[in-house]
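Below: one structure, written as structure tokens.
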Protein chains: 4
Amino acid sequence: MSVARMGRLARGPNPLLLELLYDPALGEDRQHVLPYLLRIDAAHILMLAHQGILPRAAAAQLLAVQRDLTERLRAGAEVFGSPGPHRGLYWLYEREYQLRLGDEVGGAAHAGRSRNDINATVARLRMRDELVALLGDCAALLGVALERARQQAATLMSCFTHLQPAQPSSLGHYLTGVAAELLRSTEWLADSFPVLNRSPMGAAAGAGTSFPIDRGAVAGWLGFDGAIENSADAVATRDYAVHLLSGLALVGTTLTRLATDLQSWASFAYGFLSWPDDLVSTSSIMPQKRNAFVWENVRGEATVAIGALVNTLVGLKNTPFSNSVEVSSEATAHAWPALRAGRKAVQLTTLLLDRMEVRPERLRAFVHGAGITMTALADLLVTRHGLAFRSAHDAVGALLRDLPEGTEPEPAIVCERIPAIVAAATGRSIRLGEDEVRRALDPEHCLLAARHGGGPAPEAVADQIAALDRHRAQLNARLTGWRQFLAAAEHRLAEAIAELRQAHPTGGST
Amino acid sequence: MSVARMGRLARGPNPLLLELLYDPALGEDRQHVLPYLLRIDAAHILMLAHQGILPRAAAAQLLAVQRDLTERLRAGAEVFGSPGPHRGLYWLYEREYQLRLGDEVGGAAHAGRSRNDINATVARLRMRDELVALLGDCAALLGVALERARQQAATLMSCFTHLQPAQPSSLGHYLTGVAAELLRSTEWLADSFPVLNRSPMGAAAGAGTSFPIDRGAVAGWLGFDGAIENSADAVATRDYAVHLLSGLALVGTTLTRLATDLQSWASFAYGFLSWPDDLVSTSSIMPQKRNAFVWENVRGEATVAIGALVNTLVGLKNTPFSNSVEVSSEATAHAWPALRAGRKAVQLTTLLLDRMEVRPERLRAFVHGAGITMTALADLLVTRHGLAFRSAHDAVGALLRDLPEGTEPEPAIVCERIPAIVAAATGRSIRLGEDEVRRALDPEHCLLAARHGGGPAPEAVADQIAALDRHRAQLNARLTGWRQFLAAAEHRLAEAIAELRQAHPTGGST
Amino acid sequence: MSVARMGRLARGPNPLLLELLYDPALGEDRQHVLPYLLRIDAAHILMLAHQGILPRAAAAQLLAVQRDLTERLRAGAEVFGSPGPHRGLYWLYEREYQLRLGDEVGGAAHAGRSRNDINATVARLRMRDELVALLGDCAALLGVALERARQQAATLMSCFTHLQPAQPSSLGHYLTGVAAELLRSTEWLADSFPVLNRSPMGAAAGAGTSFPIDRGAVAGWLGFDGAIENSADAVATRDYAVHLLSGLALVGTTLTRLATDLQSWASFAYGFLSWPDDLVSTSSIMPQKRNAFVWENVRGEATVAIGALVNTLVGLKNTPFSNSVEVSSEATAHAWPALRAGRKAVQLTTLLLDRMEVRPERLRAFVHGAGITMTALADLLVTRHGLAFRSAHDAVGALLRDLPEGTEPEPAIVCERIPAIVAAATGRSIRLGEDEVRRALDPEHCLLAARHGGGPAPEAVADQIAALDRHRAQLNARLTGWRQFLAAAEHRLAEAIAELRQAHPTGGST
Amino acid sequence: MSVARMGRLARGPNPLLLELLYDPALGEDRQHVLPYLLRIDAAHILMLAHQGILPRAAAAQLLAVQRDLTERLRAGAEVFGSPGPHRGLYWLYEREYQLRLGDEVGGAAHAGRSRNDINATVARLRMRDELVALLGDCAALLGVALERARQQAATLMSCFTHLQPAQPSSLGHYLTGVAAELLRSTEWLADSFPVLNRSPMGAAAGAGTSFPIDRGAVAGWLGFDGAIENSADAVATRDYAVHLLSGLALVGTTLTRLATDLQSWASFAYGFLSWPDDLVSTSSIMPQKRNAFVWENVRGEATVAIGALVNTLVGLKNTPFSNSVEVSSEATAHAWPALRAGRKAVQLTTLLLDRMEVRPERLRAFVHGAGITMTALADLLVTRHGLAFRSAHDAVGALLRDLPEGTEPEPAIVCERIPAIVAAATGRSIRLGEDEVRRALDPEHCLLAARHGGGPAPEAVADQIAALDRHRAQLNARLTGWRQFLAAAEHRLAEAIAELRQAHPTGGST
């Protein structure tokens with residue numbers, strides 16, 4: 001039978017379909033679909049044989065071809081030859097079996113299944129591999145981020161709100177905060193694993209089958225946690241793609257925020273950070289330039305998932321709740337480049353954090369005149385002089401109103417003017433000691449004092465990092481568990497194949 | 001002190017800011033922010049008193065005002081009077097305390113906190129209420145969907161792929177599949193609860209505080225599971241909004257698929273379903289019309305979350321990892337209307353499913369000529385006559401190629417022609433019995449046989465529903481647990497306030 | 001007849017539909033739909049009378065009610081009384097005519113039309129008003145932007161790439177560039193006017209009508225440029241909403257870029273710009289703060305159109321090409337809040353640009369050590385000493401490699417080292433004069449020299465501004481033309497009504 | 001000089017940058033950027049020579065290399081050899097000149113330009129080619145759509161609203177409506193041409209240049225309408241990408257609507273349309289299947305632009321208004337795959353419309369019992385019996401209320417019952433003739449009558465098509481004009497090169 005003419009169709013596909021749809025898909029499918037298709041085939045054939053739906057000898061022959069194709073694919077050898085007009089990978093693949101084994105055996109594997117459940121299963125296997133790899137990248141990023149946070153836990157810097165200097169903090173505290181957010185998002189991504197890791201095989205075209213198949217066995221050999229219960233759901237859903245892209249979009253968005261801060265702090269105006277020559281670029285016309293341009297790639301790659309998420313949701317919108325090309329091919333296709341881009345962003349960020357050079361002296365110099373201890377001064381008026389916080393805040397504000405912008409009050413000025421301001425506003429008479437004021441105005445002292453509410457005091461940051469490290473260890477343990485579980489399934493599948501083929505060695509001669 | 005002139009600022013806000021920003025926000029904030037602000041204030045004041053940061057007597061006075069404001073708000077009474085120029089709810093609110101209690105007491109509550117952590121906390125409390133309500137709506141929808149699935153588990157209908165009749169199935173099987181997808185998405189939404197339910201209070205402006213506050217106590221009184229560890233994270237993150245909107249977008253997208261199918265099946269061309277007069281509309285010019293238009297509202301409202309999700313991610317993109325208006329006000333604002341719309345879509349779908357009228361006779365009549373048992377015929381050739389599935393499929397396809405579209409082969413025709421086709425293609429000689437062919441061509445028989453792979457056989461569907469019911473019970477139990485937990489926290493807060501106020505009864509006289 | 005029970009429907013709407021759909025819509029519709037509905041009604045009734053489809057006396061009676069309702073609406077009086085169960089504004093509105101004039105006359109206006117074409121027409125009229133207002137806002141922004149650009153055309157500043165100082169430029173050149181982009185986007189928005197400004201009236205439910213209506217007359221009275229030719233298109237399309245939201249999203253995105261630059265340049269690290277106290281905020285706990293926070297609102301409001309655009313496209317996706325609630329109500333609804341937000345962003349930006357305080361001394365001080373004249377130094381080696389640009393660039397790069405970051409070479413150092421570097425790299429012997437080097441290193445001199453390629457030399461910027469001013473004048477002229485055209489149509493409609501009512505004065509007595 | 005070590009940078013790029021950024025980009029850039037880079041280079045070198053910035057002999061040498069590289073590229077030969085560590089295409093390209101001509105001549109072309117303006121120019125040239133090709137595809141689609149509309153202008157079919165049969169119409173009327181929408185959107189796309197077709201060359205890094213370049217000459221040789229006036233704008237803007245993707249998203253969304261209707265009408269339930277075997281697929285397990293699956297690919301490919309548009313806007317959001325990798329590489333990159341997908345959707349739609357088989361008998365059979373002439377019946381009561389439309393509509397509705405759904409009243413029944421219903425409701429006595437009722441109930445008669453308001457009467461549709469044809473001719477004329485203009489520019493560039501090289505033939509010997 002021709003791959004092009006089939007069943008009730010008297011003609012092969014239109015040349016434009018070949019040019020625009022089948023041929024472009026085939027290149028991608030050979031690389032990214034065929035390996036999974038072969039694995040699914042192995043498990044399905046094995047199950048058909050175990051259930052008595054397919055003679056064991058025939059199964060052994062089919063598995064021998066499956067093995068040969070798998071090996072050819074791994075070796076980069078040609079698999080199908082030049083296809084001529086075709087209707088996509090699956091038909092070429094099935095034809096290969098028929099060519100090698102004759103129609104009677106070669107066409108026997110497609111009982112109790114359909115391209116619909118196969119496609120749904122390929123997509124899950126492929127995305128599972130991507131997810132595990134992505135989680136590994138995220139875990140590596142978290143390791144570096146927390147390590148850098150630990151190193152910089154005592155490095156004084158101003159924190160910022162609305163881009164303006166705010167209060168004494170540390171670079172380590174900032175990095176810990178970002179790591180906390182990334183860890184949560186990574187955990188959210190990881191939570192998709194059990195949703196993703198269920199098998200559609202057996203759902204066939206969406207209406208199940210009357211063949212007495214064993215879905216659980218196929219699922220187990222493929223490393224799934226079990227089979228999807230309802231066959232319509234099995235072929236219609238692509239929810240896990242929305243899960244993954246949502247998680248990736250969130251991780252990516254956080255990376256853009258980190259990139260915005262760090263690139264800014266590495267600019268000439270701040271000079272807090274820099275990267276070595278192998279991580280910056282210069283300009284084709286401005287010889288002075290050292291651009292931390294990689295952060296711009298990070299921002300770009302990190303947000304690819306947003307559009308992909310939109311396209312996936314758009315792809316699902318107003319489609320029938322069943323299998324369709326729009327859902328199974330088109331809507332699902334957006335995830336792959338987004339995963340590639342997202343992983344790139346995570347890997348580049350890891351590299352940049354790892355190689356980031358910090359200039360503590362620039363961080364310290366910056367705070368002069370920035371007024372970042374004014375809150376501490378107000379706090380002093382509350383804790384030592386009994387003012388209400390709002391009155392204290394107003395008094396400090398009034399003091400600053402008369403100073404030129406970009407200057408800070410000297411302790412002596414504070415001691416002189418604040419009592420008068422307070423007296424005028426509240427009628428209270430207070431008296432400030434120059435020592436206590438000097439301490440309040442010392443950013444290093446403020447940093448040490450900010451140990452409540454999740455603040456940047458080094459000891460508090462150490463506690464925060466310790467807590468995050470515990471979560472990270474749990475994440476790593478889950479990841480390791482999954483990898484082992486998947487390897488064990490692969491091993492069981494190989495063993496079951498070997499067992500069957502040993503019992504029917506003629507299969508091997510094909 | 002004027003609410004407009006404050007601290008170092010010598011002037012009130014520009015009239016255009018009032019008109020475009022402060023005034024429009026105030027209306028929304030009075031209704032949706034103030035109730036949460038009052039509750040946070042109660043917990044914070046109580047904590048300051050317990051920690052000795054605020055005299056207990058002052059705390060009692062502040063709590064008396066807090067109570068009065070809370071009661072006025074509940075009663076719909078005016079809270080602040082006409083504000084004049086202002087800079088937003090928080091300042092008006094704080095001024096109210098100062099007006100009533102004087103600056104010394106009235107301005108004392110703002111120690112160890114900032115508008116940044118307060119805003120972050122309000123957003124979480126408000127979204128927690130929305131999430132719990134949304135989950136309740138989803139749970140109700142699942143209850144109805146599964147109930148209808150159970151009722152229709154034996155109602156024969158064709159399932160469809162690519163809009164074409166596919167194989168015998170049942171309406172109950174379809175509904176079970178959709179319910180399975182919705183249940184998973186609801187669980188995904190529910191998993192956001194613990195991420196959302198952590199307290200930012202104490203993070204202050206993002207750098208924590210030197211006041212010896214007790215974050216855990218505040219978190220507990222507010223019904224949180226604990227405090228967020230890092231203060232930068234606490235004010236910078238809005239990840240939970242991305243979680244919720246992703247979940248809502250996914251639920252919504254599934255609702256558009258259900259709506260697409262059901263509205264189509266209710267149309268004149270199918271006539272499978274209908275709704276009573278109180279759920280359809282007619283036309284202003286076409287008297288014959290009975291339009292199931294509500295599904296179009298469902299589709300519209302269900303997808304509002306997609307744009308809101310985009311806007312939230314856009315809002316976060318390339319912002320500093322710190323508090324900013326862009327993040328805390330602007331990016332967060334998209335969630336509220338999307339939640340309102342999403343809940344509307346869920347509630348309307350529940351109503352429509354509940355009131356849906358099924359016409360089994362139309363469902364059955366439809367399958368005539370639709371060819372949906374052709375797979376069963378091919379299966380018969382495999383299981384009873386030893387053909388490979390592909391050969392069987394090709395043989396049936398060849399048979400159909402010669403029939404006019406929209407007609408199905410009679411059993412006698414099958415028995416006559418198939419053996420010839422098979423012989424020509426494979427050289428094999430087979431002989432079909434008219435009885436076995438008649439059974440294969442009987443859709444009711446096929447439905448009963450499709451009990452593998454998650455298929456629509458009524459007994460299989462019953463199992464599927466039972467499994468979903470167990471999950472649904474777990475979901476409901478989680479939801480109930482959260483509601484009780486939150487009620488208990490509210491109760492503890494009320495008791496702690498009462499205790500403190502009893503010890504300092506003068507506070508009540510204000 | 002009840003508004004709830006109608007035509008073939010024996011029952012009013014379900015209470016949940018009232019609560020979730022009809023009642024919420026009614027509030028919005030009274031304010032934003034009814035005024036347009038009344039105007040459409042006037043034009044339609046007039047046309048029916050002119051065409052002899054409706055007796056003139058009946059038309060006069062209907063127009064009298066129309067006038068009364070219009071006046072009540074303008075005066076803020078109640079229009080329909082308390083509606084009770086209803087199915088939306090249109091039916092309430094039509095009932096009002098029937099109540100006042102009896103069924104025979106009151107129900108006569110709905111010939112040759114349908115709610116479908118009416119809704120399509122209301123949406124266009126409403127969006128036309130919004131578009132004209134938005135374009136007015138954009139024109140005002142462009143006026144201010146170009147005025148500020150003109151004032152700052154000679155204010156030296158560094159331009160930046162990758163956040164790093166790049167070359168000498170001016171604030172005026174930067175603002176001119178942004179204005180050029182905004183002007184193009186505004187023109188793109190304006191180009192939607194003729195697409196938008198065509199009348200759907202007469203399309204009825206989408207299949208036109210057999211009544212001999214005069215579409216052109218109705219279109220003319222409503223200020224449209226003509227009628228939409230195909231009735232299916234007329235009720236199905238919402239393309240103009242995509243046009244407007246695309247334009248608005250583009251304008252908004254540019255505003256976020258402007259806001260990012262200007263807020264950054266106003267921060268403590270740069271100090272180039274500031275705003276007076278009525279346009280900044282301070283912090284609730286950090287008394288030193290002067291936050292240019294309005295830029296964060298600008299960024300948030302400016303990007304609302306992105307999500308709205310997504311939702312509009314999502315709303316249209318996979319809908320029938322016909323009227324549907326999903327298209328005409330749901331998909332169209334996203335435009336209104338986005339337009340409100342977009343206009344807010346434009347207006348706030350205008351205010352901020354207008355009131356922006358520039359600190360030329362900070363701009364000038366910043367360039368020290370920033371290396372922004374290194375390109376000019378390389379250019380000197382090309383133009384005066386015959387080096388290839390790449391060799392010149394490499395030589396300057398080599399010179400800088402040995403200097404500490406953040407320092408610039410003194411002219412004497414340049415004269416001493418560059419010849420050696422050039423000799424080593426190219427074998428050429430050159431000799432630099434200290435005067436020519438000093439000139440090359442003088443940023444003011446570079447600024448004056450950069451008069452090619454659209455550069456920042458003040459005379460070049462003046463030319464750029466002049467060109468933009470010409471475009472802006474054209475834009476303003478188009479806008480004025482449209483406003484006059486619309487006013488003239490309104491006037492013609494009023495006159496035609498007056499004429500008919502004078503001929504049939506009894507209508508006025510109702 | 002090494003391509004990796006350059007200027008002030010002492011080291012080549014980090015291996016991970018090579019792996020993740022430079023190497024993947026190089027493959028794409030060789031194919032899609034290098035051809036444009038070579039053309040820009042030719043125009044720039046020529047201009048430098050004409051302006052006396054570069055010696056003519058050196059220019060001739062550079063142009064000889066340019067020509068050789070162009071020819072190698074066209075022939076598919078290797079251009080740079082194996083690059084080793086590199087920093088992207090531009091540096092490899094420039095190095096090739098230096099290797100061939102020595103630093104002195106080989107490095108001379110980069111005066112008065114930068115990678116920033118080059119990148120901006122490449123993107124415009126590339127997108128211009130894509131736009132012209134896309135417009136050609138759209139024009140072809142419009143031609144086919146209008147041709148099919150013309151053929152089917154008298155083919156009676158029911159039009160639909162809310163999926164329910166509405167009124168008599170024709171397939172041609174429907175197709176005309178869709179074509180009208182697509183034509184407007186194509187014109188909107190075409191309007192981007194002049195915005196896109198302006199040259200950034202000369203803007204250099206964004207601050208112009210002091211070299212006395214001739215921007216106009218370069219723009220002219222490259223087929224641009226002129227140069228962009230402000231250099232900051234020239235390198236910062238990517239507005240045209242937003243224009244194109246918006247237009248493409250709108251076209252695509254309309255294609256999903258067309259696809260939704262036509263795939264539905266080709267399904268078993270309707271059977272109005274079909275496609276030949278080379279444009280449908282069958283199922284791997286359901287032999288009866290003939291799936292018009294290509295429409296699902298159309299819907300998927302047509303909406304890729306939505307996510308790409310989001311990603312482009314996201315990419316621009318909160319970036320500096322200057323050149324950056326985030327804008328020039330990342331944000332711009334989303335357009336290319338979206339354009340490829342969009343063109344695919346347009347081409348497939350063209351094919352499907354062209355090959356669509358219509359079944360008029362099924363279209364006609366469908367209307368029985370669908371009630372689509374009930375509006376005509378109400379109209380009859382208005383025009384011939386003086387009822388108000390609302391009363392007539394109500395009367396027909398009341399008549400239908402008592403009939404079983406899916407049946408239509410016979411003329412005799414109408415004549416009998418309507419007068420009674422009217423009398424009861426309005427007190428009026430009317431008398432209907434069976435002939436006039438029969439005519440009103442005849443859908444063919446209704447179709448002929450619907451000639452107002454843009455309706456489906458064949459003569460009206462002919463007028464609509466004629467109007468669209470005129471617009472289409474204008475569109476085609478614009479497109480032809482642009483193609484000729486671009487070809488002429490290319491010719492002028494080739495001539496100018498030839499002239500210079502003839503005057504300096506030694507250049508050719510390199």
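Chain identifiers are assigned as A, B, and so on, following the order in which chains appear in the structure tokens; residues are numbered from 1 within each chain, and ligands are numbered from 1 in order of appearance.
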Using only C-alpha atoms, I'd like every residue of chain B that has an atom within 7 Å of chain D; please write them out as a VMD selection string. chain B and resid 162 to 164 166 264 267 to 270 285 to 288 291 293 314 318 371 374 to 375 393 396 to 397 400
Which polymer residues have any atom within 8 Å of an atom of region 145-152 of chain C, counting only C-alpha atoms, with same-chain residues fewer than 3 positions away left out, as an MDAnalysis selection string? chainID C and resid 141:142 155 170:176 179 350 353:354 462 465 469
Keeping all heavy atoms, export the residues of the selection given above as a short mmCIF file (atom, residue, chain, number, x, y, z; two decimals), in the first residue's frame.
data_model
loop_
_atom_site.label_atom_id
_atom_site.label_comp_id
_atom_site.auth_asym_id
_atom_site.auth_seq_id
_atom_site.Cartn_x
_atom_site.Cartn_y
_atom_site.Cartn_z
N LEU C 141 0.23 65.60 23.87
CA LEU C 141 1.52 65.06 24.32
C LEU C 141 2.62 65.41 23.33
O LEU C 141 3.72 65.83 23.72
CB LEU C 141 1.40 63.53 24.46
CG LEU C 141 2.71 62.76 24.68
CD1 LEU C 141 3.45 63.24 25.91
CD2 LEU C 141 2.44 61.26 24.79
N LEU C 142 2.33 65.27 22.05
CA LEU C 142 3.34 65.57 21.04
C LEU C 142 3.73 67.04 21.09
O LEU C 142 4.92 67.38 20.94
CB LEU C 142 2.81 65.20 19.65
CG LEU C 142 2.76 63.69 19.41
CD1 LEU C 142 1.89 63.38 18.20
CD2 LEU C 142 4.17 63.15 19.21
N THR C 155 21.22 70.98 25.31
CA THR C 155 21.62 70.51 26.65
C THR C 155 22.42 69.22 26.52
O THR C 155 21.87 68.15 26.34
CB THR C 155 20.37 70.25 27.53
OG1 THR C 155 19.53 71.40 27.49
CG2 THR C 155 20.78 69.94 28.95
N SER C 170 22.16 65.12 23.28
CA SER C 170 21.46 66.13 24.07
C SER C 170 20.13 65.57 24.51
O SER C 170 19.58 64.67 23.87
CB SER C 170 21.24 67.40 23.25
OG SER C 170 20.21 67.18 22.29
N LEU C 171 19.59 66.13 25.58
CA LEU C 171 18.28 65.71 26.04
C LEU C 171 17.23 65.99 24.95
O LEU C 171 16.30 65.20 24.75
CB LEU C 171 17.93 66.45 27.33
CG LEU C 171 16.62 66.05 27.98
CD1 LEU C 171 16.56 64.56 28.26
CD2 LEU C 171 16.40 66.85 29.27
N GLY C 172 17.44 67.09 24.24
CA GLY C 172 16.50 67.44 23.18
C GLY C 172 16.50 66.42 22.06
O GLY C 172 15.44 66.10 21.49
N HIS C 173 17.66 65.89 21.73
CA HIS C 173 17.74 64.87 20.68
C HIS C 173 17.00 63.61 21.10
O HIS C 173 16.26 63.02 20.31
CB HIS C 173 19.21 64.54 20.40
CG HIS C 173 19.40 63.54 19.29
ND1 HIS C 173 19.73 62.22 19.54
CD2 HIS C 173 19.29 63.66 17.95
CE1 HIS C 173 19.83 61.58 18.39
NE2 HIS C 173 19.57 62.44 17.41
N TYR C 174 17.19 63.22 22.36
CA TYR C 174 16.48 62.06 22.88
C TYR C 174 14.97 62.27 22.78
O TYR C 174 14.23 61.42 22.28
CB TYR C 174 16.89 61.80 24.34
CG TYR C 174 16.05 60.74 25.00
CD1 TYR C 174 16.34 59.39 24.86
CD2 TYR C 174 14.93 61.10 25.75
CE1 TYR C 174 15.55 58.42 25.45
CE2 TYR C 174 14.14 60.14 26.34
CZ TYR C 174 14.45 58.80 26.19
OH TYR C 174 13.66 57.85 26.75
N LEU C 175 14.51 63.41 23.28
CA LEU C 175 13.06 63.67 23.29
C LEU C 175 12.50 63.74 21.88
O LEU C 175 11.37 63.32 21.63
CB LEU C 175 12.76 64.97 24.05
CG LEU C 175 13.01 64.91 25.55
CD1 LEU C 175 12.86 66.30 26.17
CD2 LEU C 175 12.04 63.93 26.24
N THR C 176 13.30 64.26 20.95
CA THR C 176 12.85 64.31 19.55
C THR C 176 12.66 62.91 18.99
O THR C 176 11.69 62.63 18.27
CB THR C 176 13.88 65.08 18.70
OG1 THR C 176 14.07 66.37 19.27
CG2 THR C 176 13.41 65.22 17.26
N ALA C 179 9.53 61.50 20.41
CA ALA C 179 8.37 62.18 19.80
C ALA C 179 8.13 61.65 18.38
O ALA C 179 6.97 61.49 17.96
CB ALA C 179 8.59 63.69 19.78
N THR C 350 2.12 63.60 29.53
CA THR C 350 2.12 65.01 29.10
C THR C 350 2.42 65.93 30.28
O THR C 350 3.26 66.83 30.20
CB THR C 350 0.75 65.36 28.50
OG1 THR C 350 0.43 64.42 27.48
CG2 THR C 350 0.75 66.76 27.91
N LEU C 353 6.12 65.48 31.42
CA LEU C 353 7.08 66.12 30.50
C LEU C 353 7.01 67.63 30.66
O LEU C 353 8.03 68.32 30.67
CB LEU C 353 6.78 65.74 29.05
CG LEU C 353 7.25 64.38 28.57
CD1 LEU C 353 6.99 64.25 27.07
CD2 LEU C 353 8.75 64.18 28.85
N ASP C 354 5.81 68.12 30.79
CA ASP C 354 5.63 69.57 30.88
C ASP C 354 6.30 70.13 32.13
O ASP C 354 6.88 71.21 32.10
CB ASP C 354 4.13 69.86 30.91
CG ASP C 354 3.83 71.33 30.78
OD1 ASP C 354 4.50 71.99 29.94
OD2 ASP C 354 2.95 71.85 31.49
N ALA C 462 17.05 70.79 15.33
CA ALA C 462 16.06 71.80 14.94
C ALA C 462 15.36 71.38 13.65
O ALA C 462 14.14 71.51 13.51
CB ALA C 462 16.74 73.16 14.78
N ILE C 465 12.95 68.55 14.46
CA ILE C 465 11.74 69.05 15.12
C ILE C 465 10.83 69.74 14.12
O ILE C 465 9.60 69.59 14.15
CB ILE C 465 12.11 69.99 16.29
CG1 ILE C 465 12.81 69.19 17.40
CG2 ILE C 465 10.89 70.71 16.83
CD1 ILE C 465 13.35 70.03 18.55
N ASP C 469 7.08 68.80 13.40
CA ASP C 469 6.03 69.81 13.57
C ASP C 469 5.11 69.85 12.36
O ASP C 469 3.90 70.04 12.50
CB ASP C 469 6.66 71.19 13.82
CG ASP C 469 6.76 71.48 15.31
OD1 ASP C 469 5.95 70.93 16.08
OD2 ASP C 469 7.65 72.26 15.71
#
Run DSSP on the backbone and give me the residues of region 1-247 of chain A it puts in alpha helix (DSSP H), as a ChimeraX atom specification. /A:15-17,23-32,34-50,56-74,89-106,115-151,171-190,192-196,215-221,231-236,239-247
Determine, counting only C-alpha atoms, which protein, DNA and RNA residues have an atom within 8 Å of an atom of Leu348 (chain C); residues of the same chain fewer than 5 positions away are not included. Present the result as a list in words. Leu16 and Leu17 of chain B; Val294 and Val298 of chain C
Write the residues of the preceding selection, restricted to all heavy atoms, as an mmCIF file, in the first residue's frame.
data_model
loop_
_atom_site.group_PDB
_atom_site.id
_atom_site.type_symbol
_atom_site.label_atom_id
_atom_site.label_comp_id
_atom_site.auth_asym_id
_atom_site.auth_seq_id
_atom_site.Cartn_x
_atom_site.Cartn_y
_atom_site.Cartn_z
ATOM 1 N N LEU B 16 -4.317 66.772 38.565
ATOM 2 C CA LEU B 16 -4.495 65.690 37.589
ATOM 3 C C LEU B 16 -4.218 64.324 38.225
ATOM 4 O O LEU B 16 -4.848 63.329 37.875
ATOM 5 C CB LEU B 16 -3.597 65.901 36.365
ATOM 6 C CG LEU B 16 -3.969 65.055 35.145
ATOM 7 C CD1 LEU B 16 -5.305 65.455 34.558
ATOM 8 C CD2 LEU B 16 -2.888 65.138 34.065
ATOM 9 N N LEU B 17 -3.287 64.285 39.162
ATOM 10 C CA LEU B 17 -3.065 63.022 39.879
ATOM 11 C C LEU B 17 -4.302 62.651 40.677
ATOM 12 O O LEU B 17 -4.704 61.485 40.733
ATOM 13 C CB LEU B 17 -1.852 63.125 40.806
ATOM 14 C CG LEU B 17 -0.494 63.443 40.189
ATOM 15 C CD1 LEU B 17 0.611 63.152 41.201
ATOM 16 C CD2 LEU B 17 -0.257 62.653 38.921
ATOM 17 N N VAL C 294 4.891 58.432 39.599
ATOM 18 C CA VAL C 294 3.841 58.517 38.570
ATOM 19 C C VAL C 294 4.261 57.771 37.302
ATOM 20 O O VAL C 294 3.426 57.221 36.594
ATOM 21 C CB VAL C 294 3.490 59.990 38.253
ATOM 22 C CG1 VAL C 294 2.352 60.059 37.242
ATOM 23 C CG2 VAL C 294 3.094 60.728 39.527
ATOM 24 N N VAL C 298 2.196 55.310 34.907
ATOM 25 C CA VAL C 298 2.202 55.441 33.447
ATOM 26 C C VAL C 298 2.497 54.084 32.812
ATOM 27 O O VAL C 298 1.795 53.643 31.902
ATOM 28 C CB VAL C 298 3.250 56.486 32.988
ATOM 29 C CG1 VAL C 298 3.501 56.386 31.478
ATOM 30 C CG2 VAL C 298 2.797 57.893 33.367
#
Contacts of region 31-40 of chain A within 9 Å, only C-alpha atoms, excl. fewer than 6 positions in-chain, as a ChimeraX atom specification: /A:66-67,69-70,73-74,89-90,93,118-119,121-123,125-126,201,218,221-222,493
Who sits within 8 Å of Asn230 (chain D), only C-alpha atoms, same chain under 3 positions skipped, as a PyMOL selection string: (chain C and resi 173+176-177+180+453-455+461+464) or (chain D and resi 203+233-234)
